[in-house]
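Listing of coords35.json, JSON, C-alpha atoms
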```json
[["chain", "number", "residue", "atom", "x", "y", "z"],
["U", 24, "MET", "CA", -0.76, -23.48, 0.05],
["U", 25, "ALA", "CA", 2.26, -25.58, 0.97],
["U", 26, "CYS", "CA", 4.73, -24.69, -1.76],
["U", 27, "VAL", "CA", 7.21, -23.69, 0.96],
["U", 28, "LEU", "CA", 7.65, -27.35, 1.97],
["U", 29, "VAL", "CA", 9.78, -28.02, -1.13],
["U", 30, "PRO", "CA", 12.52, -25.39, -0.47],
["U", 31, "MET", "CA", 12.35, -26.31, 3.22],
["U", 32, "THR", "CA", 13.11, -29.96, 2.39],
["U", 33, "GLU", "CA", 16.00, -28.82, 0.20],
["U", 34, "ALA", "CA", 17.24, -26.63, 3.06],
["U", 35, "ILE", "CA", 17.30, -29.64, 5.43],
["U", 36, "ILE", "CA", 19.30, -31.67, 2.87],
["U", 37, "THR", "CA", 21.79, -28.87, 2.14],
["U", 38, "THR", "CA", 22.26, -28.11, 5.85],
["U", 39, "ILE", "CA", 23.20, -31.75, 6.56],
["U", 40, "THR", "CA", 25.45, -31.80, 3.48],
["U", 41, "ALA", "CA", 27.17, -28.56, 4.57],
["U", 42, "ARG", "CA", 27.86, -30.02, 8.05],
["U", 43, "VAL", "CA", 29.37, -33.20, 6.58],
["U", 44, "ILE", "CA", 31.52, -31.24, 4.11],
["U", 45, "LYS", "CA", 32.64, -28.81, 6.84],
["U", 46, "SER", "CA", 33.79, -31.64, 9.12],
["U", 47, "LYS", "CA", 35.72, -33.20, 6.20],
["U", 48, "GLU", "CA", 37.33, -29.83, 5.40],
["U", 49, "GLU", "CA", 38.30, -29.34, 9.06],
["U", 50, "LYS", "CA", 39.90, -32.81, 9.06],
["U", 51, "SER", "CA", 41.94, -32.04, 5.95],
["U", 52, "VAL", "CA", 43.01, -28.68, 7.44],
["U", 53, "GLN", "CA", 44.22, -30.51, 10.58],
["U", 54, "ASP", "CA", 46.24, -32.85, 8.37],
["U", 55, "LEU", "CA", 47.82, -29.88, 6.60],
["U", 56, "ASN", "CA", 48.55, -28.03, 9.85],
["U", 57, "SER", "CA", 52.12, -29.25, 9.86],
["U", 58, "THR", "CA", 52.89, -26.96, 6.93],
["U", 59, "GLU", "CA", 53.42, -23.32, 7.85],
["U", 60, "ASP", "CA", 51.06, -20.56, 6.79],
["U", 61, "THR", "CA", 52.54, -18.91, 3.73],
["U", 62, "GLY", "CA", 50.26, -15.88, 3.97],
["U", 63, "SER", "CA", 48.99, -16.46, 0.44],
["U", 64, "MET", "CA", 45.36, -16.03, -0.61],
["U", 65, "GLU", "CA", 43.10, -19.00, 0.06],
["U", 66, "LYS", "CA", 40.01, -20.20, -1.74],
["U", 67, "ILE", "CA", 36.65, -19.93, 0.00],
["U", 68, "PRO", "CA", 35.80, -23.42, 1.35],
["U", 69, "PHE", "CA", 32.84, -25.12, -0.36],
["U", 70, "SER", "CA", 31.04, -25.51, 2.98],
["U", 71, "ARG", "CA", 30.95, -21.71, 3.29],
["U", 72, "LYS", "CA", 29.53, -21.40, -0.21],
["U", 73, "LEU", "CA", 26.90, -24.00, 0.66],
["U", 74, "LYS", "CA", 26.01, -21.91, 3.70],
["U", 75, "TRP", "CA", 24.93, -19.11, 1.33],
["U", 76, "LEU", "CA", 22.38, -21.51, -0.18],
["U", 77, "ASN", "CA", 21.29, -22.60, 3.31],
["U", 78, "ASN", "CA", 20.74, -19.00, 4.38],
["U", 79, "MET", "CA", 18.70, -18.21, 1.28],
["U", 80, "LEU", "CA", 16.60, -21.37, 1.61],
["U", 81, "TRP", "CA", 16.00, -21.12, 5.38],
["U", 82, "GLY", "CA", 15.47, -17.36, 5.32],
["U", 83, "GLY", "CA", 13.10, -17.51, 2.37],
["U", 84, "SER", "CA", 11.22, -20.49, 3.80],
["U", 85, "GLY", "CA", 10.91, -18.79, 7.20],
["U", 86, "LEU", "CA", 9.34, -15.66, 5.72],
["U", 87, "LEU", "CA", 7.09, -17.73, 3.44],
["U", 88, "VAL", "CA", 5.87, -19.82, 6.39],
["U", 89, "PHE", "CA", 4.97, -16.50, 8.06],
["U", 90, "GLU", "CA", 3.02, -15.53, 4.91],
["U", 91, "HIS", "CA", 1.17, -18.86, 4.96],
["U", 92, "ILE", "CA", 0.27, -18.36, 8.63],
["U", 93, "TRP", "CA", -0.90, -14.82, 7.77],
["U", 94, "HIS", "CA", -3.23, -16.22, 5.10],
["U", 95, "GLY", "CA", -4.48, -19.01, 7.35],
["U", 96, "GLU", "CA", -2.95, -21.78, 5.22],
["U", 97, "ILE", "CA", -0.81, -23.10, 8.08],
["U", 98, "VAL", "CA", -2.52, -23.64, 11.45],
["U", 99, "PRO", "CA", -1.13, -24.74, 14.84],
["U", 100, "TRP", "CA", -3.36, -27.84, 15.01],
["U", 101, "PHE", "CA", -3.39, -31.15, 13.11],
["U", 102, "PRO", "CA", -3.04, -31.59, 10.10],
["U", 103, "PHE", "CA", -1.31, -28.13, 10.26],
["U", 104, "LEU", "CA", -2.10, -27.41, 6.59],
["U", 105, "THR", "CA", -5.71, -26.34, 5.96],
["U", 106, "ALA", "CA", -5.48, -27.77, 2.44],
["U", 107, "ALA", "CA", -4.82, -31.24, 3.87],
["U", 108, "SER", "CA", -8.30, -31.45, 5.41],
["U", 109, "ASN", "CA", -10.04, -32.70, 2.23],
["U", 110, "ALA", "CA", -9.01, -34.64, -0.87],
["U", 111, "ALA", "CA", -9.78, -31.94, -3.47],
["U", 112, "ASP", "CA", -7.70, -29.31, -1.66],
["U", 113, "THR", "CA", -4.91, -31.84, -1.05],
["U", 114, "ALA", "CA", -4.68, -32.55, -4.79],
["U", 115, "GLU", "CA", -4.48, -28.81, -5.50],
["U", 116, "MET", "CA", -1.84, -28.43, -2.79],
["U", 117, "LEU", "CA", 0.30, -31.22, -4.24],
["U", 118, "ASN", "CA", -0.02, -29.66, -7.70],
["U", 119, "GLU", "CA", 1.14, -26.32, -6.29],
["U", 120, "MET", "CA", 4.07, -27.99, -4.55],
["U", 121, "ALA", "CA", 5.10, -29.66, -7.81],
["U", 122, "THR", "CA", 4.93, -26.42, -9.81],
["U", 123, "VAL", "CA", 5.49, -23.35, -7.60],
["U", 124, "GLY", "CA", 7.45, -25.15, -4.86],
["U", 125, "VAL", "CA", 9.83, -26.86, -7.26],
["U", 126, "GLY", "CA", 10.14, -23.57, -9.20],
["U", 127, "MET", "CA", 11.16, -21.76, -6.00],
["U", 128, "SER", "CA", 13.81, -24.36, -5.20],
["U", 129, "LEU", "CA", 15.15, -24.34, -8.75],
["U", 130, "LEU", "CA", 15.36, -20.53, -8.94],
["U", 131, "VAL", "CA", 17.12, -20.17, -5.58],
["U", 132, "THR", "CA", 19.55, -22.97, -6.49],
["U", 133, "ALA", "CA", 20.19, -21.44, -9.93],
["U", 134, "VAL", "CA", 20.97, -18.04, -8.38],
["U", 135, "TRP", "CA", 23.30, -19.75, -5.87],
["U", 136, "LEU", "CA", 25.06, -21.63, -8.69],
["U", 137, "ALA", "CA", 25.56, -18.32, -10.52],
["U", 138, "MET", "CA", 26.99, -16.81, -7.31],
["U", 139, "VAL", "CA", 29.37, -19.77, -6.87],
["U", 140, "GLY", "CA", 30.40, -19.59, -10.54],
["U", 141, "MET", "CA", 31.17, -15.89, -10.33],
["U", 142, "THR", "CA", 33.06, -16.29, -7.04],
["U", 143, "SER", "CA", 35.15, -19.14, -8.47],
["U", 144, "ALA", "CA", 36.01, -17.06, -11.52],
["U", 145, "MET", "CA", 37.04, -14.13, -9.28],
["U", 146, "GLU", "CA", 39.12, -16.49, -7.11],
["U", 147, "LYS", "CA", 40.92, -17.90, -10.13],
["U", 148, "LYS", "CA", 41.66, -14.40, -11.41],
["U", 149, "ALA", "CA", 42.95, -13.29, -7.99],
["U", 150, "LEU", "CA", 45.17, -16.39, -7.66],
["U", 151, "LYS", "CA", 46.63, -15.76, -11.12],
["U", 152, "GLU", "CA", 47.41, -12.14, -10.28],
["U", 153, "GLN", "CA", 49.05, -13.17, -6.97],
["U", 154, "PRO", "CA", 52.86, -12.80, -7.10],
["U", 155, "PRO", "CA", 54.83, -16.10, -6.92],
["U", 156, "GLU", "CA", 55.87, -17.19, -3.40],
["U", 157, "GLU", "CA", 59.38, -16.25, -2.30],
["U", 158, "THR", "CA", 61.72, -19.14, -1.66],
["U", 159, "ALA", "CA", 63.89, -18.98, 1.49],
["P", 13, "MET", "CA", 3.46, -5.49, -2.82],
["P", 14, "THR", "CA", 5.03, -8.12, -0.53],
["P", 15, "LEU", "CA", 7.55, -8.97, -3.25],
["P", 16, "LEU", "CA", 8.31, -5.29, -3.86],
["P", 17, "ILE", "CA", 8.91, -4.53, -0.17],
["P", 18, "THR", "CA", 11.17, -7.58, 0.24],
["P", 19, "VAL", "CA", 13.18, -6.69, -2.88],
["P", 20, "PHE", "CA", 13.68, -3.14, -1.55],
["P", 21, "ALA", "CA", 14.79, -4.56, 1.83],
["P", 22, "ALA", "CA", 17.22, -6.94, 0.06],
["P", 23, "ALA", "CA", 18.65, -4.18, -2.15],
["P", 24, "ILE", "CA", 19.13, -1.77, 0.78],
["P", 25, "CYS", "CA", 20.82, -4.50, 2.87],
["P", 26, "THR", "CA", 23.12, -5.42, -0.01],
["P", 27, "ALA", "CA", 24.13, -1.76, -0.48],
["P", 28, "VAL", "CA", 24.87, -1.45, 3.26],
["P", 29, "TRP", "CA", 26.81, -4.78, 3.15],
["P", 30, "TYR", "CA", 28.92, -3.42, 0.27],
["P", 31, "LYS", "CA", 29.62, -0.06, 1.92],
["P", 32, "THR", "CA", 30.33, -1.03, 5.53],
["P", 33, "ASP", "CA", 33.60, -2.44, 6.87],
["P", 34, "SER", "CA", 31.95, -4.39, 9.70],
["P", 35, "ARG", "CA", 29.94, -6.71, 7.42],
["P", 36, "GLU", "CA", 31.44, -9.86, 8.99],
["P", 37, "GLU", "CA", 30.98, -8.68, 12.57],
["P", 38, "MET", "CA", 27.41, -7.57, 11.94],
["P", 39, "LYS", "CA", 26.49, -10.72, 9.98],
["P", 40, "LEU", "CA", 25.02, -8.51, 7.26],
["P", 41, "GLY", "CA", 25.51, -11.22, 4.64],
["P", 42, "THR", "CA", 23.02, -13.40, 6.50],
["P", 43, "LEU", "CA", 20.38, -10.64, 6.45],
["P", 44, "CYS", "CA", 20.97, -10.05, 2.72],
["P", 45, "LEU", "CA", 20.59, -13.75, 1.94],
["P", 46, "ILE", "CA", 17.40, -14.03, 4.04],
["P", 47, "TYR", "CA", 15.78, -11.20, 2.06],
["P", 48, "TRP", "CA", 17.10, -12.37, -1.34],
["P", 49, "GLY", "CA", 15.90, -15.93, -0.66],
["P", 50, "ALA", "CA", 12.42, -14.66, 0.22],
["P", 51, "SER", "CA", 12.40, -12.28, -2.78],
["P", 52, "LEU", "CA", 13.24, -15.09, -5.20],
["P", 53, "MET", "CA", 10.56, -17.35, -3.73],
["P", 54, "TRP", "CA", 7.92, -14.60, -3.87],
["P", 55, "LEU", "CA", 8.99, -13.87, -7.45],
["P", 56, "VAL", "CA", 8.08, -17.44, -8.45],
["P", 57, "ASP", "CA", 4.80, -17.04, -6.55],
["P", 58, "ALA", "CA", 4.13, -13.76, -8.41],
["P", 59, "VAL", "CA", 4.88, -15.32, -11.81],
["P", 60, "SER", "CA", 2.48, -18.19, -11.11],
["P", 61, "GLU", "CA", -0.20, -15.72, -9.96],
["P", 62, "PHE", "CA", 0.38, -13.60, -13.07],
["P", 63, "ALA", "CA", -0.03, -16.67, -15.28],
["P", 64, "GLU", "CA", -3.41, -17.23, -13.61],
["P", 65, "LEU", "CA", -4.75, -13.65, -13.41],
["P", 66, "LYS", "CA", -2.97, -12.07, -16.42],
["P", 67, "ALA", "CA", -3.41, -8.25, -16.39],
["P", 68, "GLY", "CA", -5.64, -8.48, -13.31],
["P", 69, "TYR", "CA", -2.48, -9.16, -11.29],
["P", 70, "PHE", "CA", -1.48, -5.51, -11.65],
["P", 71, "THR", "CA", -4.83, -4.09, -10.59],
["P", 72, "PRO", "CA", -5.44, -5.43, -7.08],
["P", 73, "SER", "CA", -8.24, -4.05, -4.92],
["P", 74, "PRO", "CA", -7.19, -1.40, -2.36],
["P", 75, "ALA", "CA", -8.03, -3.80, 0.50],
["P", 76, "ASP", "CA", -5.76, -6.51, -0.98],
["P", 77, "MET", "CA", -2.99, -3.99, -1.52],
["P", 78, "LEU", "CA", -3.19, -2.75, 2.06],
["P", 79, "ASN", "CA", -3.16, -6.31, 3.38],
["P", 80, "ASP", "CA", -0.15, -7.14, 1.17],
["P", 81, "THR", "CA", 1.66, -3.99, 2.34],
["P", 82, "PHE", "CA", 1.16, -4.94, 5.98],
["P", 83, "LEU", "CA", 2.32, -8.47, 5.17],
["P", 84, "GLY", "CA", 5.44, -7.19, 3.37],
["P", 85, "LEU", "CA", 6.38, -4.86, 6.21],
["P", 86, "SER", "CA", 5.74, -7.60, 8.78],
["P", 87, "ALA", "CA", 7.87, -10.04, 6.76],
["P", 88, "ALA", "CA", 10.68, -7.45, 6.56],
["P", 89, "ALA", "CA", 10.43, -6.95, 10.33],
["P", 90, "LEU", "CA", 10.52, -10.72, 10.91],
["P", 91, "GLY", "CA", 13.66, -10.91, 8.74],
["P", 92, "LEU", "CA", 15.28, -8.29, 10.96],
["P", 93, "VAL", "CA", 14.27, -10.19, 14.11],
["P", 94, "ILE", "CA", 15.75, -13.44, 12.71],
["P", 95, "TRP", "CA", 18.98, -11.59, 11.84],
["P", 96, "LEU", "CA", 19.16, -10.02, 15.32],
["P", 97, "ALA", "CA", 18.66, -13.45, 16.91],
["P", 98, "VAL", "CA", 21.49, -14.89, 14.77],
["P", 99, "LEU", "CA", 23.71, -11.90, 15.64],
["P", 100, "LEU", "CA", 23.09, -12.17, 19.39],
["P", 101, "ILE", "CA", 23.49, -15.96, 19.46],
["P", 102, "LYS", "CA", 26.72, -15.98, 17.40],
["P", 103, "ASP", "CA", 27.90, -12.80, 19.16],
["P", 104, "PRO", "CA", 30.96, -12.15, 16.92],
["P", 105, "LYS", "CA", 32.09, -9.10, 18.93],
["P", 106, "ASN", "CA", 31.54, -10.88, 22.30],
["P", 107, "VAL", "CA", 29.26, -8.03, 23.39],
["P", 108, "VAL", "CA", 26.64, -10.31, 24.94],
["P", 109, "LYS", "CA", 29.27, -12.45, 26.71],
["P", 110, "ASN", "CA", 31.09, -9.41, 28.08],
["P", 111, "THR", "CA", 27.84, -7.82, 29.25],
["P", 112, "LEU", "CA", 26.49, -10.96, 30.89],
["P", 113, "PHE", "CA", 29.71, -11.93, 32.64],
["P", 114, "LYS", "CA", 31.01, -8.36, 33.13],
["P", 115, "ARG", "CA", 34.41, -9.41, 31.86],
["P", 116, "LYS", "CA", 37.17, -6.97, 32.70],
["P", 117, "ASN", "CA", 40.09, -6.45, 30.36]]
```
Take the structure in the file and give it back as structure tokens.
Amino acid sequence: MACVLVPMTEAIITTITARVIKSKEEKSVQDLNSTEDTGSMEKIPFSRKLKWLNNMLWGGSGLLVFEHIWHGEIVPWFPFLTAASNAADTAEMLNEMATVGVGMSLLVTAVWLAMVGMTSAMEKKALKEQPPEETA
Amino acid sequence: MTLLITVFAAAICTAVWYKTDSREEMKLGTLCLIYWGASLMWLVDAVSEFAELKAGYFTPSPADMLNDTFLGLSAAALGLVIWLAVLLIKDPKNVVKNTLFKRKN
């Protein structure tokens, strides 16, 4: 009915968070610009990892909105959600948002956390295997 | 059926992403994540429907199946359109810019 609103809300929050983190990372990179590039392997910035979650949430929400339009659950006129037109349907919609919607958000976030965990482990392994920097 | 089609699209995209060298230029990661995001969300939807319908979930009427197949294919096509829009807007290989402004090297 409107379960897609929950991951969409999460997507808005994570997009704003990613922008803030990215600007902070860019600032810290500018501060470090005085040091020369050593050519060593660098970690993937957290803002880029957060972008993976954004892409999953926005992409998934976009296709689910299409599905809701297909089934006539989202309409282009007020109140936009057919379930919001009467109290009984609204209660059912809210229940679906609390169960299915929250479930969707949790599953996508859990998969993203697993991706970040695996990537971090691979980064640590790669950094360990990297030969020590040569001193001039 | 919608879930199945989206999972197939996601798996094929991921295999292409793994194999190709131009994954960054083609923004293939974005397409993979769009399909995986949708697949995960439809999986939750499917589990909740299964909890409601039990075994009936696996025996849909032919009309429902056809409708779901059309929906799945349309959703996969929409995913491709979104990816193309992202690719043309970000234009990592400057193809659009060079074509529009006829830049000479």
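Of the residues under consideration (U:Met79, U:Leu136, U:Glu48, U:Ser143), U:Met79 shows the shortest atom-to-atom contact distance to Gly91 (chain P) when counting all atoms listed in the file.
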(message) Just to confirm, what's the straight-line distance from CA of Leu150 (chain U) to CA of Asn78 (chain U) in Å (one decimal)?
(response)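 Between CA of Leu150 (chain U) and CA of Asn78 (chain U) the gap works out to 27.4 Å.
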(request) Would you kindly report the residues of chain U within 6 Å of chain P, using all atoms listed in the file, as a list in words? (result) Asn78, Met79, Leu80, Gly82, Gly83, Leu86 and Met127 of chain U
(message) Using Å and a single decimal, report how far CA of Ala75 (chain P) sits from CA of Gly85 (chain U).
(response)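 These atoms are spaced 25.1 Å apart.
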(message) Measuring between only C-alpha atoms, which one of U:Glu146, U:Thr38, U:Val125, U:Met138 shows the shortest distance to Trp81 (chain U)?
(response)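 Using only C-alpha atoms, Trp81 (chain U) sits closest to U:Thr38.
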Block slice region 91-108 of chain P, N, CA and C atoms, emitted as a CSV table (one decimal), in the first residue's frame:
```csv
chain,number,residue,atom,x,y,z
P,91,GLY,N,14.3,0.3,-14.6
P,91,GLY,CA,15.7,0.3,-14.0
P,91,GLY,C,16.7,0.7,-15.0
P,92,LEU,N,16.6,0.1,-16.2
P,92,LEU,CA,17.6,0.4,-17.3
P,92,LEU,C,17.5,1.9,-17.7
P,93,VAL,N,16.2,2.4,-17.7
P,93,VAL,CA,16.0,3.8,-18.1
P,93,VAL,C,16.7,4.7,-17.1
P,94,ILE,N,16.5,4.4,-15.8
P,94,ILE,CA,17.0,5.2,-14.7
P,94,ILE,C,18.6,5.2,-14.8
P,95,TRP,N,19.1,4.0,-15.1
P,95,TRP,CA,20.6,3.8,-15.2
P,95,TRP,C,21.1,4.7,-16.4
P,96,LEU,N,20.4,4.6,-17.5
P,96,LEU,CA,20.8,5.4,-18.7
P,96,LEU,C,20.8,6.9,-18.4
P,97,ALA,N,19.7,7.3,-17.7
P,97,ALA,CA,19.6,8.7,-17.3
P,97,ALA,C,20.8,9.1,-16.5
P,98,VAL,N,21.2,8.3,-15.5
P,98,VAL,CA,22.3,8.6,-14.6
P,98,VAL,C,23.6,8.6,-15.5
P,99,LEU,N,23.7,7.7,-16.4
P,99,LEU,CA,24.9,7.6,-17.2
P,99,LEU,C,25.1,8.8,-18.1
P,100,LEU,N,24.0,9.2,-18.7
P,100,LEU,CA,24.0,10.4,-19.6
P,100,LEU,C,24.2,11.7,-18.9
P,101,ILE,N,23.6,11.8,-17.7
P,101,ILE,CA,23.8,13.0,-16.9
P,101,ILE,C,25.2,13.1,-16.4
P,102,LYS,N,25.7,12.0,-15.8
P,102,LYS,CA,27.1,12.1,-15.2
P,102,LYS,C,28.1,12.1,-16.4
P,103,ASP,N,27.8,11.4,-17.4
P,103,ASP,CA,28.7,11.4,-18.7
P,103,ASP,C,30.2,11.2,-18.4
P,104,PRO,N,30.5,10.0,-17.8
P,104,PRO,CA,31.9,9.9,-17.4
P,104,PRO,C,32.9,9.9,-18.5
P,105,LYS,N,32.5,9.5,-19.7
P,105,LYS,CA,33.4,9.5,-20.9
P,105,LYS,C,33.3,10.7,-21.7
P,106,ASN,N,32.5,11.7,-21.2
P,106,ASN,CA,32.3,13.0,-21.9
P,106,ASN,C,31.8,12.9,-23.3
P,107,VAL,N,31.1,11.8,-23.6
P,107,VAL,CA,30.5,11.5,-24.9
P,107,VAL,C,29.4,12.6,-25.3
P,108,VAL,N,28.5,12.8,-24.3
P,108,VAL,CA,27.4,13.8,-24.5
P,108,VAL,C,28.0,15.2,-24.7
```
